[in-house]
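**Q** For reference, the file entry_9.pdb (PDB, C-alpha atoms) is included below:
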MODEL        1
ATOM      1  CA  MET R   1     153.108 155.003  27.574
ATOM      2  CA  ARG R   2     153.000 154.193  23.916
ATOM      3  CA  LEU R   3     153.332 150.518  24.740
ATOM      4  CA  SER R   4     150.448 150.761  27.184
ATOM      5  CA  MET R   5     148.167 152.399  24.596
ATOM      6  CA  LYS R   6     149.007 149.729  22.018
ATOM      7  CA  PHE R   7     148.312 147.003  24.560
ATOM      8  CA  LEU R   8     144.996 148.638  25.475
ATOM      9  CA  MET R   9     143.935 148.857  21.866
ATOM     10  CA  LEU R  10     144.800 145.221  21.296
ATOM     11  CA  THR R  11     142.830 144.261  24.367
ATOM     12  CA  VAL R  12     139.744 146.166  23.188
ATOM     13  CA  LEU R  13     140.002 144.694  19.701
ATOM     14  CA  ALA R  14     140.283 141.189  21.145
ATOM     15  CA  GLY R  15     137.246 141.860  23.294
ATOM     16  CA  LEU R  16     135.277 143.011  20.279
ATOM     17  CA  LEU R  17     136.273 139.952  18.311
ATOM     18  CA  TYR R  18     135.376 137.688  21.219
ATOM     19  CA  GLY R  19     132.024 139.421  21.585
ATOM     20  CA  CYS R  20     131.214 138.866  17.894
ATOM     21  CA  GLN R  21     132.011 135.171  18.155
ATOM     22  CA  THR R  22     129.894 134.867  21.277
ATOM     23  CA  ALA R  23     126.968 136.480  19.472
ATOM     24  CA  LYS R  24     127.284 133.954  16.673
ATOM     25  CA  VAL R  25     127.171 131.056  19.114
ATOM     26  CA  PHE R  26     124.000 132.145  20.904
ATOM     27  CA  SER R  27     121.997 133.366  17.871
ATOM     28  CA  PRO R  28     119.776 130.703  16.197
ATOM     29  CA  ALA R  29     121.208 129.139  13.058
ATOM     30  CA  PRO R  30     119.474 130.152   9.776
ATOM     31  CA  GLU R  31     118.859 126.461   8.748
ATOM     32  CA  VAL R  32     117.046 125.720  12.017
ATOM     33  CA  ALA R  33     114.793 128.741  11.602
ATOM     34  CA  PHE R  34     113.974 127.684   8.011
ATOM     35  CA  ILE R  35     113.056 124.108   9.031
ATOM     36  CA  LYS R  36     110.912 125.380  11.859
ATOM     37  CA  SER R  37     109.055 127.711   9.528
ATOM     38  CA  GLN R  38     108.500 124.889   7.015
ATOM     39  CA  THR R  39     107.166 122.594   9.732
ATOM     40  CA  ASP R  40     104.740 125.241  10.847
ATOM     41  CA  ASN R  41     103.603 125.654   7.229
ATOM     42  CA  VAL R  42     103.061 121.904   6.818
ATOM     43  CA  GLN R  43     101.037 121.783  10.012
ATOM     44  CA  ASP R  44      98.954 124.687   8.759
ATOM     45  CA  ASP R  45      98.458 122.928   5.404
ATOM     46  CA  VAL R  46      97.393 119.718   7.108
ATOM     47  CA  SER R  47      94.955 121.631   9.245
ATOM     48  CA  GLN R  48      93.568 123.458   6.215
ATOM     49  CA  SER R  49      93.432 120.181   4.244
ATOM     50  CA  GLY R  50      91.304 118.613   6.961
ATOM     51  CA  GLU R  51      89.015 121.602   6.930
ATOM     52  CA  ASN R  52      88.745 121.411   3.121
ATOM     53  CA  GLN R  53      87.882 117.717   3.266
ATOM     54  CA  GLU R  54      85.068 118.504   5.645
ATOM     55  CA  GLU R  55      83.932 121.276   3.345
ATOM     56  CA  LYS R  56      84.020 118.979   0.269
ATOM     57  CA  LYS R  57      81.717 116.431   1.882
ATOM     58  CA  PRO R  58      78.286 117.204   0.383
ATOM     59  CA  SER R  59      75.589 118.318   2.752
ATOM     60  CA  ALA R  60      72.150 116.732   2.804
ATOM     61  CA  TYR R  61      70.860 119.648   0.754
ATOM     62  CA  ASP R  62      73.651 119.168  -1.800
ATOM     63  CA  GLU R  63      72.837 115.455  -2.070
ATOM     64  CA  ALA R  64      69.196 116.320  -2.694
ATOM     65  CA  MET R  65      70.161 118.827  -5.381
ATOM     66  CA  ILE R  66      72.371 116.225  -7.073
ATOM     67  CA  ILE R  67      69.356 113.917  -7.308
ATOM     68  CA  VAL R  68      67.215 116.728  -8.704
ATOM     69  CA  SER R  69      69.881 117.625 -11.284
ATOM     70  CA  GLY R  70      69.644 114.051 -12.580
ATOM     71  CA  LEU R  71      66.068 114.671 -13.723
ATOM     72  CA  LYS R  72      65.560 115.772 -17.325
ATOM     73  CA  ASP R  73      62.701 117.370 -19.224
ATOM     74  CA  ASP R  74      61.673 113.953 -20.526
ATOM     75  CA  SER R  75      61.933 112.205 -17.159
ATOM     76  CA  SER R  76      58.892 110.041 -16.505
ATOM     77  CA  ALA R  77      56.536 110.220 -13.553
ATOM     78  CA  GLN R  78      58.215 107.086 -12.233
ATOM     79  CA  ASP R  79      61.631 108.806 -12.418
ATOM     80  CA  ILE R  80      60.327 111.745 -10.404
ATOM     81  CA  ALA R  81      58.689 109.432  -7.879
ATOM     82  CA  ASN R  82      61.987 107.537  -7.457
ATOM     83  CA  ALA R  83      63.831 110.823  -6.901
ATOM     84  CA  LEU R  84      61.320 111.810  -4.233
ATOM     85  CA  ILE R  85      61.852 108.526  -2.420
ATOM     86  CA  LYS R  86      65.630 109.062  -2.365
ATOM     87  CA  ILE R  87      65.278 112.633  -1.127
ATOM     88  CA  GLU R  88      62.846 111.525   1.554
ATOM     89  CA  VAL R  89      65.468 109.063   2.812
ATOM     90  CA  ILE R  90      68.016 111.885   2.977
ATOM     91  CA  GLY R  91      65.543 114.111   4.798
ATOM     92  CA  SER R  92      64.863 111.452   7.399
ATOM     93  CA  SER R  93      68.476 111.489   8.600
ATOM     94  CA  ALA R  94      68.911 112.518  12.233
ATOM     95  CA  GLN R  95      72.058 114.531  11.415
ATOM     96  CA  ILE R  96      70.310 117.151   9.314
ATOM     97  CA  SER R  97      70.052 120.672  10.629
ATOM     98  CA  GLU R  98      66.727 122.451  10.830
ATOM     99  CA  GLN R  99      67.794 124.826   8.062
ATOM    100  CA  GLU R 100      68.688 121.989   5.691
ATOM    101  CA  LEU R 101      65.464 120.216   6.560
ATOM    102  CA  LEU R 102      63.479 123.261   5.468
ATOM    103  CA  LYS R 103      65.410 123.459   2.184
ATOM    104  CA  ILE R 104      64.822 119.773   1.477
ATOM    105  CA  ALA R 105      61.136 120.168   2.289
ATOM    106  CA  GLU R 106      60.970 122.934  -0.314
ATOM    107  CA  ILE R 107      62.602 120.662  -2.898
ATOM    108  CA  GLU R 108      60.111 117.907  -2.098
ATOM    109  CA  GLY R 109      57.213 120.337  -2.468
ATOM    110  CA  ASN R 110      58.388 121.391  -5.924
ATOM    111  CA  LEU R 111      58.873 117.773  -7.005
ATOM    112  CA  LEU R 112      55.411 116.826  -5.742
ATOM    113  CA  SER R 113      53.863 119.541  -7.907
ATOM    114  CA  LEU R 114      55.955 118.389 -10.860
ATOM    115  CA  LEU R 115      54.943 114.775 -10.273
ATOM    116  CA  ARG R 116      51.235 115.611 -10.221
ATOM    117  CA  ALA R 117      51.542 117.484 -13.521
ATOM    118  CA  LYS R 118      53.558 114.654 -15.056
ATOM    119  CA  VAL R 119      51.064 112.023 -13.934
ATOM    120  CA  LYS R 120      48.168 113.903 -15.525
ATOM    121  CA  MET R 121      50.073 114.344 -18.781
ATOM    122  CA  GLU R 122      51.167 110.710 -19.046
ATOM    123  CA  VAL R 123      47.743 109.335 -18.089
ATOM    124  CA  SER R 124      46.037 111.515 -20.705
ATOM    125  CA  ALA R 125      48.471 110.353 -23.404
ATOM    126  CA  LEU R 126      48.035 106.678 -22.475
ATOM    127  CA  HIS R 127      44.229 106.994 -22.457
ATOM    128  CA  THR R 128      44.288 108.560 -25.926
ATOM    129  CA  ARG R 129      46.472 105.774 -27.300
ATOM    130  CA  ALA R 130      44.319 103.127 -25.629
ATOM    131  CA  LEU R 131      41.114 104.409 -27.204
ATOM    132  CA  LYS R 132      42.772 104.602 -30.619
ATOM    133  CA  SER R 133      44.303 101.118 -30.455
ATOM    134  CA  SER R 134      43.351  98.590 -33.104
ATOM    135  CA  THR R 135      42.611  95.772 -30.640
ATOM    136  CA  TYR R 136      41.090  95.543 -27.202
ATOM    137  CA  ARG R 137      44.144  93.737 -25.853
ATOM    138  CA  GLU R 138      46.472  96.534 -26.928
ATOM    139  CA  GLY R 139      44.113  99.163 -25.547
ATOM    140  CA  TYR R 140      43.675  97.307 -22.275
ATOM    141  CA  GLU R 141      47.444  97.051 -21.747
ATOM    142  CA  LEU R 142      47.790 100.789 -22.321
ATOM    143  CA  ALA R 143      44.935 101.432 -19.892
ATOM    144  CA  ARG R 144      46.620  99.266 -17.278
ATOM    145  CA  ASP R 145      49.823 101.247 -17.790
ATOM    146  CA  ALA R 146      47.795 104.389 -17.197
ATOM    147  CA  GLU R 147      46.426 102.918 -13.992
ATOM    148  CA  SER R 148      49.979 102.284 -12.763
ATOM    149  CA  VAL R 149      50.806 105.938 -13.410
ATOM    150  CA  VAL R 150      47.639 107.077 -11.614
ATOM    151  CA  MET R 151      48.886 105.212  -8.541
ATOM    152  CA  LEU R 152      51.923 107.527  -8.496
ATOM    153  CA  TYR R 153      49.758 110.610  -7.996
ATOM    154  CA  PRO R 154      50.724 112.030  -4.566
ATOM    155  CA  LEU R 155      47.758 112.792  -2.326
ATOM    156  CA  SER R 156      47.494 115.550   0.260
ATOM    157  CA  ASP R 157      44.937 117.228   2.501
ATOM    158  CA  SER R 158      44.357 119.883  -0.148
ATOM    159  CA  LEU R 159      40.803 119.749  -1.542
ATOM    160  CA  PRO R 160      41.885 120.602  -5.130
ATOM    161  CA  THR R 161      44.441 117.802  -4.997
ATOM    162  CA  ILE R 162      41.865 115.321  -3.691
ATOM    163  CA  LYS R 163      39.414 116.366  -6.403
ATOM    164  CA  GLU R 164      42.064 115.998  -9.087
ATOM    165  CA  ALA R 165      42.922 112.500  -7.862
ATOM    166  CA  GLU R 166      39.252 111.522  -7.937
ATOM    167  CA  GLU R 167      38.918 112.820 -11.499
ATOM    168  CA  LEU R 168      41.916 110.745 -12.580
ATOM    169  CA  SER R 169      40.378 107.649 -11.012
ATOM    170  CA  LEU R 170      36.994 108.258 -12.663
ATOM    171  CA  LYS R 171      38.650 108.864 -16.016
ATOM    172  CA  GLN R 172      40.512 105.580 -15.680
ATOM    173  CA  LYS R 173      37.258 103.690 -15.035
ATOM    174  CA  GLU R 174      35.589 105.452 -17.956
ATOM    175  CA  VAL R 175      38.381 104.467 -20.339
ATOM    176  CA  LEU R 176      38.136 100.812 -19.285
ATOM    177  CA  ARG R 177      34.349 100.906 -19.797
ATOM    178  CA  ARG R 178      34.787 102.599 -23.163
ATOM    179  CA  LEU R 179      37.282  99.946 -24.274
ATOM    180  CA  GLU R 180      34.712  97.241 -23.541
ATOM    181  CA  GLN R 181      32.147  99.204 -25.505
ATOM    182  CA  ILE R 182      34.519  99.695 -28.450
ATOM    183  CA  ARG R 183      35.291  95.987 -28.491
ATOM    184  CA  LEU R 184      31.602  95.127 -28.710
ATOM    185  CA  GLN R 185      31.081  97.714 -31.438
ATOM    186  CA  ARG R 186      34.062  96.363 -33.314
ATOM    187  CA  TYR R 187      32.612  92.856 -33.105
ATOM    188  CA  ASN R 188      29.221  93.971 -34.411
ATOM    189  CA  HIS R 189      30.857  95.893 -37.234
ATOM    190  CA  TRP R 190      32.637  92.704 -38.286
ATOM    191  CA  ALA R 191      29.415  90.661 -37.958
ATOM    192  CA  ALA R 192      27.574  93.129 -40.210
ATOM    193  CA  LYS R 193      30.274  92.647 -42.828
ATOM    194  CA  GLN R 194      29.862  88.873 -42.550
ATOM    195  CA  ALA R 195      26.118  89.237 -43.131
ATOM    196  CA  GLU R 196      26.848  91.470 -46.103
ATOM    197  CA  LYS R 197      29.077  88.750 -47.599
ATOM    198  CA  ALA R 198      26.346  86.179 -47.021
ATOM    199  CA  LEU R 199      23.756  88.294 -48.854
ATOM    200  CA  ARG R 200      26.163  88.893 -51.724
ATOM    201  CA  ASP R 201      26.753  85.144 -52.114
ATOM    202  CA  LEU R 202      23.001  84.536 -52.118
ATOM    203  CA  ARG R 203      22.571  87.141 -54.845
ATOM    204  CA  GLU R 204      25.566  86.332 -57.059
ATOM    205  CA  LYS R 205      25.889  82.549 -56.762
ATOM    206  CA  LYS R 206      23.019  80.646 -58.271
ATOM    207  CA  LYS R 207      24.381  77.306 -57.162
ATOM    208  CA  GLY R 208      25.950  76.832 -53.777
ATOM    209  CA  GLY R 209      25.095  80.362 -52.738
ATOM    210  CA  ALA R 210      23.171  79.259 -49.658
ATOM    211  CA  GLU R 211      25.982  76.984 -48.457
ATOM    212  CA  SER R 212      28.550  79.755 -49.006
ATOM    213  CA  ALA R 213      26.337  82.228 -47.139
ATOM    214  CA  LEU R 214      26.127  79.854 -44.178
ATOM    215  CA  VAL R 215      29.923  79.755 -43.995
ATOM    216  CA  HIS R 216      29.957  83.508 -43.364
ATOM    217  CA  LEU R 217      27.189  83.392 -40.748
ATOM    218  CA  ARG R 218      28.091  80.368 -38.668
ATOM    219  CA  VAL R 219      31.244  81.991 -37.198
ATOM    220  CA  ILE R 220      29.110  84.753 -35.648
ATOM    221  CA  GLU R 221      28.033  84.581 -31.990
ATOM    222  CA  PRO R 222      24.381  85.807 -32.043
ATOM    223  CA  ASN R 223      24.379  86.620 -28.305
ATOM    224  CA  LEU R 224      26.932  89.367 -28.904
ATOM    225  CA  LEU R 225      24.935  91.154 -31.578
ATOM    226  CA  GLU R 226      23.310  94.527 -31.030
ATOM    227  CA  SER R 227      19.720  94.975 -32.139
ATOM    228  CA  SER R 228      20.393  96.299 -35.647
ATOM    229  CA  VAL R 229      22.997  93.650 -36.471
ATOM    230  CA  ALA R 230      20.881  90.951 -34.852
ATOM    231  CA  ALA R 231      18.004  91.925 -37.186
ATOM    232  CA  LEU R 232      20.335  91.726 -40.177
ATOM    233  CA  TYR R 233      21.546  88.313 -39.040
ATOM    234  CA  SER R 234      17.950  87.054 -38.751
ATOM    235  CA  TYR R 235      17.132  88.435 -42.187
ATOM    236  CA  CYS R 236      20.082  86.554 -43.689
ATOM    237  CA  VAL R 237      18.950  83.308 -42.044
ATOM    238  CA  ILE R 238      15.445  83.718 -43.481
ATOM    239  CA  GLU R 239      16.815  84.441 -46.970
ATOM    240  CA  ILE R 240      19.056  81.398 -46.818
ATOM    241  CA  MET R 241      16.194  79.181 -45.750
ATOM    242  CA  LYS R 242      14.262  80.276 -48.824
ATOM    243  CA  LYS R 243      16.900  78.544 -50.929
ATOM    244  CA  PHE R 244      16.083  75.168 -49.363
ATOM    245  CA  ASP R 245      13.050  72.975 -49.661
ATOM    246  CA  ASN R 246      10.792  72.622 -46.659
ATOM    247  CA  ASP R 247      12.345  69.336 -45.566
ATOM    248  CA  GLU R 248      15.854  70.806 -45.925
ATOM    249  CA  LYS R 249      15.344  74.006 -43.979
ATOM    250  CA  ALA R 250      16.623  72.318 -40.819
ATOM    251  CA  THR R 251      20.007  72.204 -42.559
ATOM    252  CA  VAL R 252      20.374  75.912 -41.953
ATOM    253  CA  ALA R 253      19.804  75.578 -38.206
ATOM    254  CA  LYS R 254      22.181  72.609 -38.001
ATOM    255  CA  GLN R 255      24.922  74.457 -39.870
ATOM    256  CA  LEU R 256      24.585  77.528 -37.684
ATOM    257  CA  THR R 257      24.738  75.523 -34.425
ATOM    258  CA  ASN R 258      27.367  72.965 -35.421
ATOM    259  CA  PRO R 259      29.548  72.560 -32.263
ATOM    260  CA  SER R 260      32.605  71.723 -34.363
ATOM    261  CA  VAL R 261      32.576  75.246 -35.763
ATOM    262  CA  THR R 262      34.454  77.806 -33.663
ATOM    263  CA  ARG R 263      32.640  81.089 -33.385
ATOM    264  CA  ARG R 264      34.666  84.244 -33.014
ATOM    265  CA  SER R 265      34.536  85.816 -29.573
ATOM    266  CA  LEU R 266      35.174  89.251 -28.181
ATOM    267  CA  GLU R 267      38.720  88.206 -27.307
ATOM    268  CA  ASP R 268      39.618  88.511 -30.994
ATOM    269  CA  PHE R 269      38.664  92.178 -31.023
TER
ENDMDL
END
Have the structure of the file written as structure tokens, please.
**A**
Amino acid sequence: MRLSMKFLMLTVLAGLLYGCQTAKVFSPAPEVAFIKSQTDNVQDDVSQSGENQEEKKPSAYDEAMIIVSGLKDDSSAQDIANALIKIEVIGSSAQISEQELLKIAEIEGNLLSLLRAKVKMEVSALHTRALKSSTYREGYELARDAESVVMLYPLSDSLPTIKEAEELSLKQKEVLRRLEQIRLQRYNHWAAKQAEKALRDLREKKKGGAESALVHLRVIEPNLLESSVAALYSYCVIEIMKKFDNDEKATVAKQLTNPSVTRRSLEDF
């Protein structure tokens, strides 16, 4: 009986040991489970990476904002106009959602208002410099620059905007007219000084005063003289003629109309 109990115990123990080994064979190995988990993680990372790449690609609105951020306080009207052109190209894309299109339209509206204000400011500054320039050529170039800026003014169906554009155009024409007027005034101012020199030579030089006075007068173009300066010019001619005998008075006319003498023109002023 004792031998039977011992044999039974050994049999049970062997069965238990065999069962443990069998469990080890059919349970998944720890290394395999770890590799599988790592593979799943990599696949998740790849999936998330692809999603992040799509997220990092700037939207049309973001591209428009990048262009806007490139503008500074001292950006010119031309800079703003160039930015508007770029944003308009972005807004014309067929892949833009309706929501983004509305946002971009709002950006364009703000830039249009900014451009109008900038155009008015730059045109006013250029007109002021043009009218204060020392020569007509310098003033005319500044006025032409102003005209180029006026062309950047964005029009719309708004009556105030149309009126403002018309005022800019009229102001531009007025500045060009004023520059012509200033040039003529500048010429007459110079001619009056020439007549003054001629009279001084007649008064101070006893000999050769008439000839010296003619030198000052003959470079003047009489057709460009305003009434007051024209009268002064005529007075100088009469005073010079008094210095010559009757048969020599024609010398004055010949000196004043000598074709070899170059008269100053408006182009010099």
**Q** Excluding same-chain residues fewer than 4 positions from Gln172 (chain R), what lies within 12 Å of it counting all atoms listed in the file, as a compact mmCIF listing (two decimals) with C-alpha atoms, in the frame of the given file?
**A**
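The resulting part_31.txt:
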# COMPACT_ATOMS: atom_id res chain seq x y z
CA LYS R 120 48.17 113.90 -15.52
CA VAL R 123 47.74 109.34 -18.09
CA SER R 124 46.04 111.52 -20.70
CA LEU R 126 48.04 106.68 -22.48
CA HIS R 127 44.23 106.99 -22.46
CA THR R 128 44.29 108.56 -25.93
CA ALA R 130 44.32 103.13 -25.63
CA LEU R 131 41.11 104.41 -27.20
CA TYR R 140 43.68 97.31 -22.28
CA LEU R 142 47.79 100.79 -22.32
CA ALA R 143 44.94 101.43 -19.89
CA ARG R 144 46.62 99.27 -17.28
CA ASP R 145 49.82 101.25 -17.79
CA ALA R 146 47.80 104.39 -17.20
CA GLU R 147 46.43 102.92 -13.99
CA SER R 148 49.98 102.28 -12.76
CA VAL R 149 50.81 105.94 -13.41
CA VAL R 150 47.64 107.08 -11.61
CA MET R 151 48.89 105.21 -8.54
CA ALA R 165 42.92 112.50 -7.86
CA GLU R 166 39.25 111.52 -7.94
CA GLU R 167 38.92 112.82 -11.50
CA LEU R 168 41.92 110.74 -12.58
CA LEU R 176 38.14 100.81 -19.28
CA ARG R 177 34.35 100.91 -19.80
CA ARG R 178 34.79 102.60 -23.16
CA LEU R 179 37.28 99.95 -24.27
**Q** Identify all residues satisfying the PyMOL selection byres ((chain R and resi 82) around 12) in the given file; provide them as a list in words.
**A**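 Matching residues under the PyMOL selection byres ((chain R and resi 82) around 12) are Ile67, Val68, Gly70, Leu71, Ser75, Ser76, Ala77, Gln78, Asp79, Ile80, Ala81, Ala83, Leu84, Ile85, Lys86, Ile87, Glu88, Val89, Glu108, Leu111, Leu112, Leu115 and Leu152 of chain R.
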**Q** Please expand the PyMOL selection byres ((chain R and resi 258-263) around 8) into the concrete residues it hits in this file, giving the result as a list in words.
**A**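 The output of the PyMOL selection byres ((chain R and resi 258-263) around 8) on this file is Arg218, Val219, Ile220, Glu221, Lys254, Gln255, Leu256, Thr257, Arg264 and Ser265 of chain R.
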**Q** Within 10 Å of region 195-212 of chain R, counting all atoms listed in the file, which residues show up once you throw out same-chain ones fewer than 3 positions away? Write them as a list in words, please.
**A**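 So, after excluding close chain neighbours, the residues are Trp190, Ala191, Ala192, Val215, His216, Leu217, Ile220, Val229, Ala230, Leu232, Tyr233, Ser234, Tyr235, Cys236, Val237, Glu239, Ile240, Met241, Lys242, Lys243, Phe244, Thr251, Val252 and Gln255 of chain R.
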**Q** As JSON, please: the centre and edge lengths in Å, to one decimal, of an axis-aligned box enclosing every listed atom of region 224-241 of chain R with 8 Å added on each side.
**A**
{"center_x": 21.2, "center_y": 87.7, "center_z": -37.9, "size_x": 27.5, "size_y": 33.1, "size_z": 34.1}
**Q** When you count all atoms listed in the file, which of these residues is closest to Gly109 (chain R): R:Ala231, R:Ser59, R:Pro154, R:Glu141?
**A** R:Pro154
**Q** What is the CA of Asn110 (chain R) to CA of Ser69 (chain R) distance in Å?
**A**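 It comes out at 13.2 Å.
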**Q** Distance CA of Glu63 (chain R)-CA of Leu114 (chain R), one decimal place?
**A** 19.3 Å
**Q** R:Ala60, R:Ala125, R:Ala117, R:Ile66: which is nearest Ile104 (chain R), counting all atoms listed in the file?
**A**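 Under the stated criterion, the closest residue is R:Ala60.
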**Q** Tell me, in Å to one decimal, how far CA of Glu174 (chain R) is from CA of Met121 (chain R).
**A**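 Pair CA of Glu174 (chain R) / CA of Met121 (chain R) returns 17.0 Å.
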**Q** Please, could N, CA and C atoms be added to region 233-249 of chain R and the result written as a PDB file, in the frame of the given file?
**A**
ATOM      1  N   TYR R 233      21.194  89.737 -39.135  1.00  0.00           N
ATOM      2  CA  TYR R 233      21.546  88.313 -39.040  1.00  0.00           C
ATOM      3  C   TYR R 233      20.293  87.463 -39.270  1.00  0.00           C
ATOM      4  N   SER R 234      19.210  87.813 -38.593  1.00  0.00           N
ATOM      5  CA  SER R 234      17.950  87.054 -38.751  1.00  0.00           C
ATOM      6  C   SER R 234      17.446  87.130 -40.187  1.00  0.00           C
ATOM      7  N   TYR R 235      17.575  88.287 -40.788  1.00  0.00           N
ATOM      8  CA  TYR R 235      17.132  88.435 -42.187  1.00  0.00           C
ATOM      9  C   TYR R 235      17.931  87.510 -43.097  1.00  0.00           C
ATOM     10  N   CYS R 236      19.250  87.439 -42.874  1.00  0.00           N
ATOM     11  CA  CYS R 236      20.082  86.554 -43.689  1.00  0.00           C
ATOM     12  C   CYS R 236      19.659  85.091 -43.522  1.00  0.00           C
ATOM     13  N   VAL R 237      19.375  84.687 -42.303  1.00  0.00           N
ATOM     14  CA  VAL R 237      18.950  83.308 -42.044  1.00  0.00           C
ATOM     15  C   VAL R 237      17.665  82.993 -42.811  1.00  0.00           C
ATOM     16  N   ILE R 238      16.721  83.924 -42.770  1.00  0.00           N
ATOM     17  CA  ILE R 238      15.445  83.718 -43.481  1.00  0.00           C
ATOM     18  C   ILE R 238      15.685  83.605 -44.981  1.00  0.00           C
ATOM     19  N   GLU R 239      16.543  84.472 -45.535  1.00  0.00           N
ATOM     20  CA  GLU R 239      16.815  84.441 -46.970  1.00  0.00           C
ATOM     21  C   GLU R 239      17.519  83.149 -47.375  1.00  0.00           C
ATOM     22  N   ILE R 240      18.377  82.656 -46.515  1.00  0.00           N
ATOM     23  CA  ILE R 240      19.056  81.398 -46.818  1.00  0.00           C
ATOM     24  C   ILE R 240      18.058  80.243 -46.815  1.00  0.00           C
ATOM     25  N   MET R 241      17.181  80.254 -45.838  1.00  0.00           N
ATOM     26  CA  MET R 241      16.194  79.181 -45.750  1.00  0.00           C
ATOM     27  C   MET R 241      15.300  79.116 -46.985  1.00  0.00           C
ATOM     28  N   LYS R 242      15.078  80.250 -47.621  1.00  0.00           N
ATOM     29  CA  LYS R 242      14.262  80.276 -48.824  1.00  0.00           C
ATOM     30  C   LYS R 242      14.891  79.474 -49.954  1.00  0.00           C
ATOM     31  N   LYS R 243      16.194  79.288 -49.878  1.00  0.00           N
ATOM     32  CA  LYS R 243      16.900  78.544 -50.929  1.00  0.00           C
ATOM     33  C   LYS R 243      16.773  77.031 -50.754  1.00  0.00           C
ATOM     34  N   PHE R 244      16.218  76.600 -49.630  1.00  0.00           N
ATOM     35  CA  PHE R 244      16.083  75.168 -49.363  1.00  0.00           C
ATOM     36  C   PHE R 244      14.610  74.771 -49.401  1.00  0.00           C
ATOM     37  N   ASP R 245      14.400  73.509 -49.716  1.00  0.00           N
ATOM     38  CA  ASP R 245      13.050  72.975 -49.661  1.00  0.00           C
ATOM     39  C   ASP R 245      12.618  72.861 -48.207  1.00  0.00           C
ATOM     40  N   ASN R 246      11.322  72.668 -48.019  1.00  0.00           N
ATOM     41  CA  ASN R 246      10.792  72.622 -46.659  1.00  0.00           C
ATOM     42  C   ASN R 246      11.463  71.572 -45.796  1.00  0.00           C
ATOM     43  N   ASP R 247      11.730  70.394 -46.365  1.00  0.00           N
ATOM     44  CA  ASP R 247      12.345  69.336 -45.566  1.00  0.00           C
ATOM     45  C   ASP R 247      13.849  69.515 -45.395  1.00  0.00           C
ATOM     46  N   GLU R 248      14.412  70.557 -46.042  1.00  0.00           N
ATOM     47  CA  GLU R 248      15.854  70.806 -45.925  1.00  0.00           C
ATOM     48  C   GLU R 248      16.158  72.071 -45.108  1.00  0.00           C
ATOM     49  N   LYS R 249      15.120  72.749 -44.706  1.00  0.00           N
ATOM     50  CA  LYS R 249      15.344  74.006 -43.979  1.00  0.00           C
ATOM     51  C   LYS R 249      16.070  73.783 -42.652  1.00  0.00           C
TER      52      LYS R 249
END
